file run.cif (mmCIF, C-alpha atoms and all ligand atoms)
data_target
#
loop_
_atom_site.label_atom_id
_atom_site.label_comp_id
_atom_site.auth_asym_id
_atom_site.auth_seq_id
_atom_site.Cartn_x
_atom_site.Cartn_y
_atom_site.Cartn_z
CA MET A 203 101.73 103.99 112.55
CA SER A 204 102.82 107.37 113.91
CA GLN A 205 100.37 109.13 116.21
CA ASP A 206 100.49 112.20 113.98
CA TYR A 207 99.35 110.23 110.92
CA GLU A 208 96.82 108.24 112.95
CA GLN A 209 95.19 111.47 114.16
CA PHE A 210 95.20 112.80 110.59
CA ILE A 211 93.32 109.69 109.45
CA LEU A 212 90.70 110.25 112.16
CA ASN A 213 90.30 113.92 111.25
CA ILE A 214 89.90 113.18 107.55
CA LYS A 215 87.35 110.49 108.31
CA LYS A 216 85.33 112.92 110.43
CA LYS A 217 85.49 115.62 107.78
CA THR A 218 84.89 113.54 104.63
CA ALA A 219 83.89 109.94 105.56
CA ILE A 220 86.98 108.88 103.61
CA ASP A 221 88.79 106.24 105.67
CA LEU A 222 92.48 106.37 104.76
CA SER A 223 93.16 103.34 106.96
CA LEU A 224 91.48 101.20 104.28
CA TYR A 225 94.19 102.17 101.79
CA LYS A 226 97.64 100.51 101.83
CA GLU A 227 99.48 102.56 104.41
CA ALA A 228 103.04 102.84 103.10
CA GLN A 229 101.93 103.95 99.65
CA MET A 230 99.29 106.43 100.83
CA LYS A 231 101.48 107.91 103.54
CA ARG A 232 104.34 108.42 101.09
CA ARG A 233 102.07 110.21 98.61
CA LEU A 234 100.59 112.49 101.25
CA GLU A 235 103.89 113.14 102.96
CA SER A 236 105.47 114.36 99.73
CA LEU A 237 102.58 116.78 99.18
CA ARG A 238 102.70 117.89 102.83
CA ASN A 239 106.46 118.58 102.60
CA LYS A 240 106.05 120.38 99.28
CA ARG A 241 103.55 122.71 100.95
CA GLY A 242 106.00 123.32 103.84
CA PHE A 243 104.23 121.57 106.74
CA ASP A 244 106.34 119.46 109.07
CA SER A 245 103.49 117.47 110.63
CA PHE A 246 100.20 115.98 109.48
CA GLN A 247 98.48 117.97 112.21
CA ALA A 248 99.67 121.26 110.71
CA PHE A 249 98.76 120.01 107.25
CA TYR A 250 95.24 119.13 108.40
CA GLN A 251 94.76 122.52 110.06
CA ALA A 252 95.81 124.25 106.86
CA MET A 253 93.41 122.26 104.69
CA SER A 254 90.55 122.92 107.13
CA SER A 255 90.73 126.62 106.38
CA ASP A 256 92.04 126.55 102.81
CA GLN A 257 89.93 124.76 100.20
CA THR A 258 92.78 124.77 97.67
CA ILE A 259 94.97 122.71 99.99
CA PHE A 260 92.09 120.34 100.65
CA ASP A 261 91.42 119.91 96.93
CA GLU A 262 95.08 119.25 96.38
CA PHE A 263 95.02 116.59 99.10
CA LEU A 264 92.00 114.92 97.49
CA ASP A 265 93.65 115.05 94.12
CA ARG A 266 96.80 113.43 95.50
CA MET A 267 95.03 110.61 97.34
CA THR A 268 92.75 109.67 94.44
CA ILE A 269 95.01 108.58 91.64
CA ASN A 270 92.99 109.51 88.59
CA VAL A 271 95.01 108.13 85.69
CA SER A 272 92.83 106.40 83.12
CA GLU A 273 92.57 105.74 79.39
CA PHE A 274 90.13 104.41 76.82
CA TYR A 275 90.34 100.65 76.14
CA ARG A 276 92.88 100.26 78.97
CA ASN A 277 94.44 96.80 78.45
CA ALA A 278 92.72 96.50 75.07
CA LYS A 279 92.84 92.67 74.97
CA ARG A 280 90.55 92.50 78.01
CA TRP A 281 87.96 94.75 76.33
CA GLU A 282 88.08 92.37 73.36
CA VAL A 283 87.18 89.51 75.68
CA LEU A 284 84.37 91.63 77.09
CA GLU A 285 83.04 92.34 73.61
CA GLN A 286 83.45 88.90 72.11
CA LYS A 287 82.69 86.59 75.01
CA ILE A 288 81.24 88.19 78.13
CA LEU A 289 78.73 90.70 76.74
CA PRO A 290 77.19 88.34 74.16
CA ARG A 291 76.34 85.89 76.96
CA ILE A 292 75.07 88.63 79.28
CA LEU A 293 72.90 90.13 76.55
CA LYS A 294 71.44 86.74 75.71
CA GLU A 295 70.37 86.42 79.34
CA ASN A 296 69.23 90.02 79.69
CA PRO A 297 68.81 92.29 76.64
CA LYS A 298 68.59 95.33 78.92
CA PRO A 299 71.62 94.82 81.17
CA LYS A 300 72.32 96.86 84.27
CA LEU A 301 75.87 98.23 83.87
CA TRP A 302 78.15 99.97 86.37
CA SER A 303 81.63 101.45 86.04
CA ALA A 304 82.83 101.81 89.65
CA ALA A 305 85.75 104.24 90.26
CA CYS A 306 85.35 105.62 86.75
CA SER A 307 87.77 108.55 87.12
CA THR A 308 87.64 110.92 84.11
CA GLY A 309 85.09 108.77 82.25
CA GLU A 310 87.23 106.83 79.77
CA GLU A 311 86.02 103.50 81.18
CA PRO A 312 82.22 104.01 81.05
CA TYR A 313 82.52 105.70 77.64
CA THR A 314 84.55 102.74 76.34
CA LEU A 315 81.77 100.46 77.57
CA ALA A 316 79.15 102.61 75.81
CA MET A 317 81.13 102.45 72.55
CA ILE A 318 81.28 98.67 72.77
CA MET A 319 77.59 98.41 73.68
CA SER A 320 76.75 100.44 70.57
CA LYS A 321 77.90 97.45 68.52
CA PHE A 322 75.09 95.38 70.07
CA GLN A 323 72.17 97.76 70.37
CA PRO A 324 71.05 101.33 69.67
CA LEU A 325 72.59 103.77 72.14
CA SER A 326 69.12 104.99 73.12
CA LYS A 327 68.70 101.64 74.91
CA VAL A 328 72.03 101.73 76.75
CA SER A 329 72.27 102.97 80.31
CA ILE A 330 75.45 102.97 82.39
CA LEU A 331 76.04 104.13 85.94
CA ALA A 332 79.52 105.58 86.51
CA THR A 333 80.71 106.47 90.00
CA ASP A 334 83.80 107.87 91.67
CA LEU A 335 84.81 109.24 95.04
CA ASP A 336 86.15 112.45 93.54
CA ARG A 337 83.45 115.01 92.61
CA GLY A 338 85.88 117.21 90.69
CA ILE A 339 86.90 114.37 88.42
CA LEU A 340 83.24 113.60 87.65
CA GLU A 341 82.75 117.13 86.35
CA ARG A 342 85.63 116.56 83.95
CA ALA A 343 84.18 113.19 82.96
CA LYS A 344 80.86 114.85 82.06
CA ILE A 345 82.64 117.27 79.71
CA GLY A 346 84.19 114.32 77.87
CA LEU A 347 87.20 116.07 76.38
CA TYR A 348 90.42 114.06 76.04
CA THR A 349 94.01 114.44 74.91
CA ASP A 350 96.08 111.92 72.94
CA ARG A 351 97.45 110.35 76.13
CA SER A 352 94.18 108.63 76.99
CA LEU A 353 93.26 107.84 73.38
CA LYS A 354 96.20 105.75 72.21
CA GLU A 355 94.34 102.39 72.43
CA VAL A 356 91.19 103.63 70.68
CA PRO A 357 90.67 101.77 67.37
CA LYS A 358 90.58 104.10 64.33
CA ASP A 359 86.97 103.27 63.40
CA ILE A 360 85.82 103.98 66.97
CA LEU A 361 87.67 107.30 67.00
CA SER A 362 85.93 108.46 63.85
CA ALA A 363 82.53 107.10 64.90
CA HIS A 364 82.35 108.41 68.47
CA PHE A 365 84.65 111.45 68.80
CA LYS A 366 84.85 114.90 67.31
CA LYS A 367 88.16 116.68 66.85
CA ASP A 368 88.39 119.72 69.08
CA PRO A 369 91.15 122.36 69.32
CA MET A 370 91.97 120.91 72.75
CA GLY A 371 91.87 117.23 71.76
CA TYR A 372 88.95 114.91 71.07
CA LYS A 373 85.44 115.23 72.41
CA VAL A 374 83.11 112.26 72.97
CA ASN A 375 79.89 112.50 70.94
CA GLU A 376 76.65 113.43 72.68
CA ASP A 377 74.88 110.13 71.98
CA ILE A 378 77.64 108.28 73.87
CA LYS A 379 77.62 110.82 76.70
CA LYS A 380 73.87 110.48 77.12
CA THR A 381 74.19 106.79 78.01
CA VAL A 382 76.29 107.50 81.12
CA ARG A 383 74.98 108.79 84.43
CA PHE A 384 77.80 110.07 86.69
CA GLN A 385 77.35 109.97 90.43
CA GLN A 386 79.61 110.57 93.43
CA GLN A 387 80.09 107.47 95.58
CA ASN A 388 82.56 106.04 98.09
CA LEU A 389 83.04 102.32 97.39
CA LEU A 390 84.32 101.76 100.91
CA ALA A 391 81.40 103.39 102.71
CA ASP A 392 78.26 103.70 100.60
CA ARG A 393 75.51 101.20 99.83
CA PHE A 394 75.31 99.56 96.41
CA ASP A 395 72.30 99.02 94.24
CA GLN A 396 71.48 95.38 93.32
CA GLN A 397 70.93 93.10 90.34
CA TYR A 398 73.80 94.32 88.20
CA ASP A 399 74.68 92.35 85.08
CA LEU A 400 78.16 93.85 84.82
CA ILE A 401 80.33 95.75 87.31
CA ILE A 402 83.62 97.13 86.04
CA CYS A 403 85.99 98.04 88.85
CA ARG A 404 89.56 98.42 87.65
CA ASN A 405 92.79 99.88 88.96
CA VAL A 406 91.50 101.08 92.29
CA MET A 407 91.44 97.92 94.42
CA ILE A 408 95.24 97.76 94.20
CA TYR A 409 95.30 100.75 96.57
CA PHE A 410 93.12 99.09 99.22
CA THR A 411 94.19 96.92 102.16
CA GLU A 412 93.40 93.19 102.06
CA GLU A 413 90.52 93.65 104.54
CA ALA A 414 89.01 96.47 102.50
CA LYS A 415 89.27 94.36 99.33
CA HIS A 416 87.61 91.42 101.05
CA GLU A 417 84.64 93.57 102.11
CA LEU A 418 84.39 95.08 98.65
CA TYR A 419 84.39 91.71 96.87
CA LEU A 420 81.53 90.65 99.18
CA LYS A 421 79.59 93.83 98.37
CA PHE A 422 80.18 93.42 94.63
CA SER A 423 79.08 89.80 94.77
CA GLN A 424 75.87 90.80 96.57
CA ALA A 425 75.25 93.55 94.02
CA LEU A 426 75.44 91.18 91.04
CA ARG A 427 72.63 88.97 89.79
CA SER A 428 73.58 85.34 89.42
CA GLY A 429 75.36 85.10 86.08
CA GLY A 430 76.48 88.74 86.43
CA VAL A 431 80.16 89.59 86.01
CA LEU A 432 82.80 91.59 87.89
CA PHE A 433 85.53 92.86 85.52
CA VAL A 434 88.73 93.84 87.40
CA GLY A 435 92.05 95.45 86.46
CA SER A 436 94.95 93.56 84.98
CA THR A 437 96.89 93.39 88.26
CA GLU A 438 93.86 92.67 90.41
CA GLN A 439 93.24 88.94 90.14
CA ILE A 440 91.04 87.54 92.92
CA PHE A 441 92.91 84.62 94.49
CA ASN A 442 89.96 82.83 96.09
CA PRO A 443 86.98 83.66 93.87
CA ALA A 444 84.86 80.80 95.24
CA ALA A 445 84.80 82.55 98.65
CA TYR A 446 82.67 85.25 97.01
CA GLN A 447 80.48 82.94 94.92
CA PHE A 448 82.59 83.83 91.88
CA GLU A 449 83.96 81.59 89.18
CA THR A 450 86.54 82.74 86.65
CA GLU A 451 84.81 83.18 83.29
CA ASP A 452 88.02 84.49 81.72
CA THR A 453 91.17 86.12 83.12
CA PHE A 454 90.04 89.16 85.17
CA PHE A 455 86.32 88.35 84.65
CA TYR A 456 84.46 86.81 87.58
CA LYS A 457 80.99 85.40 87.10
CA LYS A 458 78.67 85.15 90.08
CA ASN A 459 77.18 81.72 90.61
C1 LIG B 501 93.52 104.88 88.72
S1 LIG B 501 91.85 105.46 88.66
C2 LIG B 501 91.08 104.12 87.76
C3 LIG B 501 90.18 104.60 86.67
C4 LIG B 501 89.58 103.52 85.78
N1 LIG B 501 88.78 102.59 86.52
C5 LIG B 501 90.65 102.79 85.01
O1 LIG B 501 90.91 101.63 85.29
O2 LIG B 501 91.26 103.40 84.13
C6 LIG B 501 91.31 105.20 90.34
C7 LIG B 501 90.03 105.96 90.69
O3 LIG B 501 89.51 105.42 91.91
C8 LIG B 501 88.87 106.47 92.62
N2 LIG B 501 88.74 106.06 94.03
C9 LIG B 501 89.69 105.97 94.97
N3 LIG B 501 89.15 105.58 96.14
C10 LIG B 501 87.81 105.41 95.93
C11 LIG B 501 86.72 105.03 96.74
N4 LIG B 501 86.89 104.74 98.03
N5 LIG B 501 85.48 104.98 96.19
C12 LIG B 501 85.29 105.28 94.87
N6 LIG B 501 86.30 105.65 94.04
C13 LIG B 501 87.54 105.72 94.57
C14 LIG B 501 89.80 107.65 92.40
O4 LIG B 501 89.13 108.87 92.61
C15 LIG B 501 90.24 107.44 90.94
O5 LIG B 501 89.44 108.19 90.05
#
call {"tool": "encode", "arguments": {"input": "run.cif", "output": "structure tokens"}}
result
Amino acid sequence: MSQDYEQFILNIKKKTAIDLSLYKEAQMKRRLESLRNKRGFDSFQAFYQAMSSDQTIFDEFLDRMTINVSEFYRNAKRWEVLEQKILPRILKENPKPKLWSAACSTGEEPYTLAMIMSKFQPLSKVSILATDLDRGILERAKIGLYTDRSLKEVPKDILSAHFKKDPMGYKVNEDIKKTVRFQQQNLLADRFDQQYDLIICRNVMIYFTEEAKHELYLKFSQALRSGGVLFVGSTEQIFNPAAYQFETEDTFFYKKN
């Protein structure tokens, strides 16, 4: 690693507690380098100095490093498995399950979960924690306004039941919004609560180094009750689930023993 980038990593860690060394280096460096060059800085040191005095540059950096793409019912078949197989078992074991969408981005994931939960129980009983590193994105998630791009997998009946047409797109109904509590959190640094029945963490672990993933799987396993499930993204299979007290309940669903 170049000394310039290494020093940048240290500076960012001091300023934000975000440890860029826990993200796959080549990918992260390429993303940041292209932004740095676009802004006309020829070293990471100069780039860091600029963002220290200019909030816009810092926000732009944060926006570039956190890849926020999301959509409702992402990989719809997996949500079907959640609805038809995983949740019925979980609800039989605990009618008031503790639910967490980790790295929730603009909110499509926790809201999808709320819409599915509404098929099992009144929304007034549903409570979901949704967390992300990026504060700005959480503010957008709370507003709950979406364009067609993130809605293409939403079944027609769900769209008419849980969204209202808005001049800007579609807005999630208040009763769904009320079930979700958004909170800023760094998965790679902060403590987790315990006794979760379901943790959804999708399409973020692909950006982490193997060591960071290992630590995170351990933390997720500790945060789940036995019988609780970790639901991961469709490129994020865990290769040695038993090392984390997990068994595969279905593809991309890991049940804690
Ligand atoms: C590609 S989005 C995934 C959104 C959603 N889970 C999905 O699958 O559609 C990745 C999200 O991970 C968040 N993220 C990145 N690093 C994180 C960290 N260390 N702790 C918590 N969230 C993080 C980013 O801010 C971004 O919103």
call {"tool": "closest_atom_pairs", "arguments": {"input": "run.cif", "of": "chain A", "to": "ligand LIG 501 (chain B)", "cutoff": "6 Å", "atoms": "all atoms listed in the file", "output": "Markdown table"}}
result
| residue | atom | partner | partner_atom | distance |
| --- | --- | --- | --- | --- |
| A:Thr268 | CA | B:LIG501 | C14 | 4.1 |
| A:Ile269 | CA | B:LIG501 | C1 | 4.9 |
| A:Asn270 | CA | B:LIG501 | O5 | 4.1 |
| A:Val271 | CA | B:LIG501 | C1 | 4.7 |
| A:Ser272 | CA | B:LIG501 | O2 | 3.5 |
| A:Glu273 | CA | B:LIG501 | O2 | 5.4 |
| A:Ala305 | CA | B:LIG501 | N6 | 4.1 |
| A:Cys306 | CA | B:LIG501 | N1 | 4.6 |
| A:Ser307 | CA | B:LIG501 | O5 | 3.4 |
| A:Glu311 | CA | B:LIG501 | C4 | 5.8 |
| A:Asp334 | CA | B:LIG501 | N6 | 4.1 |
| A:Leu335 | CA | B:LIG501 | C12 | 4.0 |
| A:Asp336 | CA | B:LIG501 | O4 | 4.7 |
| A:Gln387 | CA | B:LIG501 | C12 | 5.7 |
| A:Asn388 | CA | B:LIG501 | N5 | 3.6 |
| A:Leu389 | CA | B:LIG501 | N5 | 3.8 |
| A:Leu390 | CA | B:LIG501 | N4 | 4.9 |
| A:Cys403 | CA | B:LIG501 | N1 | 5.8 |
| A:Arg404 | CA | B:LIG501 | O1 | 4.2 |
| A:Asn405 | CA | B:LIG501 | O1 | 4.5 |
| A:Val406 | CA | B:LIG501 | C6 | 4.6 |
call {"tool": "residues_near_point", "arguments": {"input": "run.cif", "point": "(93.6, 96.6, 87.5)", "cutoff": "10 Å", "atoms": "all atoms listed in the file", "output": "JSON, numbers by chain"}}
result
{"A": [276, 277, 403, 404, 405, 406, 407, 408, 433, 434, 435, 436, 437, 438, 439, 454]}
call {"tool": "residues_around", "arguments": {"input": "run.cif", "residues": "Asn459 of chain A", "least_positions_apart": "2", "cutoff": "10 Å", "atoms": "all atoms listed in the file", "output": "VMD selection string"}}
result
chain A and resid 423 426 to 431 444 446 to 449 456 to 457
call {"tool": "write_last_selection", "arguments": {"input": "run.cif", "atoms": "C-alpha atoms", "output": "PDB file, in the frame of the given file"}}
result
ATOM      1  CA  SER A 423      79.080  89.800  94.770  1.00  0.00           C
ATOM      2  CA  LEU A 426      75.440  91.180  91.040  1.00  0.00           C
ATOM      3  CA  ARG A 427      72.630  88.970  89.790  1.00  0.00           C
ATOM      4  CA  SER A 428      73.580  85.340  89.420  1.00  0.00           C
ATOM      5  CA  GLY A 429      75.360  85.100  86.080  1.00  0.00           C
ATOM      6  CA  GLY A 430      76.480  88.740  86.430  1.00  0.00           C
ATOM      7  CA  VAL A 431      80.160  89.590  86.010  1.00  0.00           C
ATOM      8  CA  ALA A 444      84.860  80.800  95.240  1.00  0.00           C
ATOM      9  CA  TYR A 446      82.670  85.250  97.010  1.00  0.00           C
ATOM     10  CA  GLN A 447      80.480  82.940  94.920  1.00  0.00           C
ATOM     11  CA  PHE A 448      82.590  83.830  91.880  1.00  0.00           C
ATOM     12  CA  GLU A 449      83.960  81.590  89.180  1.00  0.00           C
ATOM     13  CA  TYR A 456      84.460  86.810  87.580  1.00  0.00           C
ATOM     14  CA  LYS A 457      80.990  85.400  87.100  1.00  0.00           C
TER      15      LYS A 457
END
call {"tool": "closest_residue", "arguments": {"input": "run.cif", "among": "A:Phe384, A:Lys300, A:Ile360, A:Lys217", "to": "Gln397 of chain A", "atoms": "all atoms listed in the file"}}
result
A:Lys300
call {"tool": "atom_distance", "arguments": {"input": "run.cif", "atom1": "atom CA of Arg266 of chain A", "atom2": "atom CA of Tyr313 of chain A"}}
result
24.1 Å
call {"tool": "closest_residue", "arguments": {"input": "run.cif", "among": "A:Lys327, A:Arg241, A:Arg337, A:Lys367", "to": "Lys298 of chain A", "atoms": "only C-alpha atoms"}}
result
A:Lys327
call {"tool": "atom_distance", "arguments": {"input": "run.cif", "atom1": "atom CA of Phe243 of chain A", "atom2": "atom CA of Leu224 of chain A"}}
result
24.2 Å
call {"tool": "closest_residue", "arguments": {"input": "run.cif", "among": "A:Thr349, A:Gln247, A:Thr314, A:Thr308", "to": "Gln205 of chain A", "atoms": "all atoms listed in the file"}}
result
A:Gln247
call {"tool": "closest_residue", "arguments": {"input": "run.cif", "among": "A:Glu417, A:Glu295, A:Glu235, A:Glu376", "to": "Phe210 of chain A", "atoms": "only C-alpha atoms"}}
result
A:Glu235
call {"tool": "atom_distance", "arguments": {"input": "run.cif", "atom1": "atom CA of Thr333 of chain A", "atom2": "atom CA of Gln251 of chain A"}}
result
29.3 Å
call {"tool": "decode", "arguments": {"input": "run.cif", "residues": "segment 383-402 of chain A", "atoms": "N, CA, C and O atoms", "output": "compact mmCIF listing (two decimals), in the first residue's frame"}}
result
# COMPACT_ATOMS: atom_id res chain seq x y z
N ARG A 383 -37.22 1.73 13.14
CA ARG A 383 -36.45 2.71 13.89
C ARG A 383 -35.06 2.79 13.26
O ARG A 383 -34.32 1.81 13.24
N PHE A 384 -34.72 3.96 12.68
CA PHE A 384 -33.43 4.11 12.01
C PHE A 384 -32.39 4.65 12.98
O PHE A 384 -32.67 5.55 13.77
N GLN A 385 -31.20 4.10 12.89
CA GLN A 385 -30.14 4.48 13.82
C GLN A 385 -28.78 4.40 13.13
O GLN A 385 -28.54 3.44 12.38
N GLN A 386 -27.92 5.37 13.38
CA GLN A 386 -26.58 5.33 12.78
C GLN A 386 -25.74 4.29 13.52
O GLN A 386 -25.77 4.22 14.76
N GLN A 387 -24.99 3.49 12.78
CA GLN A 387 -24.13 2.49 13.42
C GLN A 387 -23.04 2.02 12.45
O GLN A 387 -23.30 1.82 11.26
N ASN A 388 -21.85 1.81 12.98
CA ASN A 388 -20.76 1.25 12.19
C ASN A 388 -20.61 -0.24 12.55
O ASN A 388 -20.24 -0.58 13.66
N LEU A 389 -20.91 -1.09 11.58
CA LEU A 389 -20.87 -2.54 11.83
C LEU A 389 -19.48 -3.02 12.22
O LEU A 389 -19.34 -4.05 12.87
N LEU A 390 -18.46 -2.28 11.77
CA LEU A 390 -17.09 -2.74 12.00
C LEU A 390 -16.49 -2.15 13.28
O LEU A 390 -15.33 -2.43 13.60
N ALA A 391 -17.25 -1.37 14.00
CA ALA A 391 -16.69 -0.76 15.21
C ALA A 391 -17.63 -0.80 16.41
O ALA A 391 -17.17 -0.89 17.55
N ASP A 392 -18.91 -0.73 16.18
CA ASP A 392 -19.84 -0.55 17.31
C ASP A 392 -20.32 -1.88 17.90
O ASP A 392 -20.25 -2.92 17.25
N ARG A 393 -20.82 -1.79 19.13
CA ARG A 393 -21.36 -2.98 19.80
C ARG A 393 -22.74 -3.31 19.25
O ARG A 393 -23.48 -2.43 18.84
N PHE A 394 -23.10 -4.60 19.31
CA PHE A 394 -24.43 -5.01 18.87
C PHE A 394 -25.29 -5.37 20.07
O PHE A 394 -24.78 -5.86 21.07
N ASP A 395 -26.57 -5.16 19.93
CA ASP A 395 -27.52 -5.66 20.90
C ASP A 395 -27.61 -7.20 20.76
O ASP A 395 -27.03 -7.76 19.83
N GLN A 396 -28.33 -7.86 21.65
CA GLN A 396 -28.34 -9.33 21.66
C GLN A 396 -29.74 -9.89 21.41
O GLN A 396 -30.70 -9.14 21.35
N GLN A 397 -29.81 -11.19 21.32
CA GLN A 397 -31.08 -11.93 21.27
C GLN A 397 -31.95 -11.58 20.06
O GLN A 397 -33.18 -11.55 20.17
N TYR A 398 -31.30 -11.35 18.93
CA TYR A 398 -32.08 -11.12 17.72
C TYR A 398 -32.65 -12.43 17.19
O TYR A 398 -32.01 -13.49 17.30
N ASP A 399 -33.85 -12.34 16.61
CA ASP A 399 -34.44 -13.49 15.92
C ASP A 399 -34.04 -13.51 14.46
O ASP A 399 -33.93 -14.57 13.86
N LEU A 400 -33.88 -12.31 13.88
CA LEU A 400 -33.50 -12.21 12.47
C LEU A 400 -32.60 -11.00 12.26
O LEU A 400 -32.95 -9.89 12.66
N ILE A 401 -31.44 -11.25 11.64
CA ILE A 401 -30.57 -10.14 11.22
C ILE A 401 -30.46 -10.23 9.70
O ILE A 401 -30.09 -11.28 9.16
N ILE A 402 -30.80 -9.14 9.03
CA ILE A 402 -30.63 -9.09 7.58
C ILE A 402 -29.41 -8.21 7.32
O ILE A 402 -29.40 -7.04 7.72
